[in-house]
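See below for coords.pdb, which holds PDB, C-alpha atoms.
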```pdb
ATOM      1  CA  VAL A 670      87.138 111.687 106.915
ATOM      2  CA  ALA A 671      89.269 112.469 109.956
ATOM      3  CA  ASP A 672      88.655 108.926 111.246
ATOM      4  CA  ALA A 673      89.950 107.471 107.969
ATOM      5  CA  LEU A 674      93.116 109.557 107.610
ATOM      6  CA  THR A 675      96.141 108.195 109.448
ATOM      7  CA  GLY A 676      98.685 110.869 108.572
ATOM      8  CA  SER A 677     101.339 108.310 107.649
ATOM      9  CA  ASP A 678     103.864 109.282 104.979
ATOM     10  CA  ASP A 679     102.791 106.491 102.635
ATOM     11  CA  GLU A 680      99.052 107.117 102.949
ATOM     12  CA  GLY A 681      97.115 107.473  99.699
ATOM     13  CA  VAL A 682      93.785 109.233  99.384
ATOM     14  CA  PHE A 683      91.585 108.640  96.347
ATOM     15  CA  VAL A 684      88.522 110.629  95.248
ATOM     16  CA  TYR A 685      86.477 109.549  92.239
ATOM     17  CA  GLY A 686      83.159 111.138  91.315
ATOM     18  CA  PHE A 687      81.288 114.007  89.754
ATOM     19  CA  GLY A 688      82.153 117.677  90.271
ATOM     20  CA  GLU A 689      80.116 118.539  93.355
ATOM     21  CA  PHE A 690      81.131 115.329  95.149
ATOM     22  CA  VAL A 691      84.806 115.897  94.312
ATOM     23  CA  ALA A 692      84.637 119.454  95.674
ATOM     24  CA  ASP A 693      82.960 118.281  98.890
ATOM     25  CA  ALA A 694      85.434 115.423  99.298
ATOM     26  CA  THR A 695      88.529 117.571  98.807
ATOM     27  CA  ASP A 696      87.121 120.144 101.253
ATOM     28  CA  ALA A 697      86.581 117.329 103.772
ATOM     29  CA  ILE A 698      90.145 116.080 103.300
ATOM     30  CA  GLU A 699      91.512 119.557 104.032
ATOM     31  CA  ALA A 700      89.175 120.020 107.021
ATOM     32  CA  ALA A 701      90.425 116.730 108.464
ATOM     33  CA  GLY A 702      94.039 117.877 108.236
ATOM     34  CA  GLY A 703      94.872 115.995 105.050
ATOM     35  CA  ASP A 704      96.419 117.287 101.841
ATOM     36  CA  ALA A 705      93.805 117.379  99.085
ATOM     37  CA  ASP A 706      96.474 118.402  96.554
ATOM     38  CA  ALA A 707      98.277 115.101  97.172
ATOM     39  CA  ALA A 708      95.087 113.064  96.677
ATOM     40  CA  LYS A 709      94.462 111.109  93.490
ATOM     41  CA  VAL A 710      91.345 112.822  92.122
ATOM     42  CA  GLU A 711      89.297 111.916  89.076
ATOM     43  CA  ASN A 712      86.341 114.118  88.187
ATOM     44  CA  PHE A 713      83.795 112.460  85.886
ATOM     45  CA  GLY A 714      82.173 115.670  84.824
TER      46      GLY A 714
END
```

Would it be possible to restate this file's structure as structure tokens?
Amino acid sequence: VADALTGSDDEGVFVYGFGEFVADATDAIEAAGGDADAAKVENFG
């Protein structure tokens, strides 16, 4: 995830998936220095 995040002000991060995947993805965003709260997240279950 760190390789994908640029840190630019207009960067958008999207996470779509089921509960466990969403939790892992938002944890990875935070670990890479991103803001998981600013990400567009859709949990399918």

Distance query Asp678 in chain A at most 12 Å, all atoms listed in the file, self and fewer than 3 positions along chain excluded, as number ranges by chain: A: 674-675, 681-682, 703-704, 707

Could you save those same residues with C-alpha atoms as a PDB file, in the coordinates of the input?
```pdb
ATOM      1  CA  LEU A 674      93.116 109.557 107.610  1.00  0.00           C
ATOM      2  CA  THR A 675      96.141 108.195 109.448  1.00  0.00           C
ATOM      3  CA  GLY A 681      97.115 107.473  99.699  1.00  0.00           C
ATOM      4  CA  VAL A 682      93.785 109.233  99.384  1.00  0.00           C
ATOM      5  CA  GLY A 703      94.872 115.995 105.050  1.00  0.00           C
ATOM      6  CA  ASP A 704      96.419 117.287 101.841  1.00  0.00           C
ATOM      7  CA  ALA A 707      98.277 115.101  97.172  1.00  0.00           C
TER       8      ALA A 707
END
```

Spatial neighbours of Phe713 in chain A, max dist 9 Å, all atoms listed in the file, sep filter under 6 positions, as JSON, numbers by chain: {"A": [685, 686, 687, 688]}

So what does the PyMOL selection byres ((chain A and resi 709) around 7) actually pick up in this one, as JSON, numbers by chain? {"A": [682, 683, 684, 707, 708, 710, 711]}

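CA of Ala692 in chain A is positioned 11.8 Å from CA of Gly714 in chain A.
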
Find the residues near Asp672 in chain A: any atom within 12 Å, counting all atoms listed in the file, skip ones fewer than 2 places away on the same chain, and give them as a list in words. Val670, Leu674, Thr675, Gly676, Ala697, Ile698, Ala700, Ala701, Gly702 and Gly703 of chain A
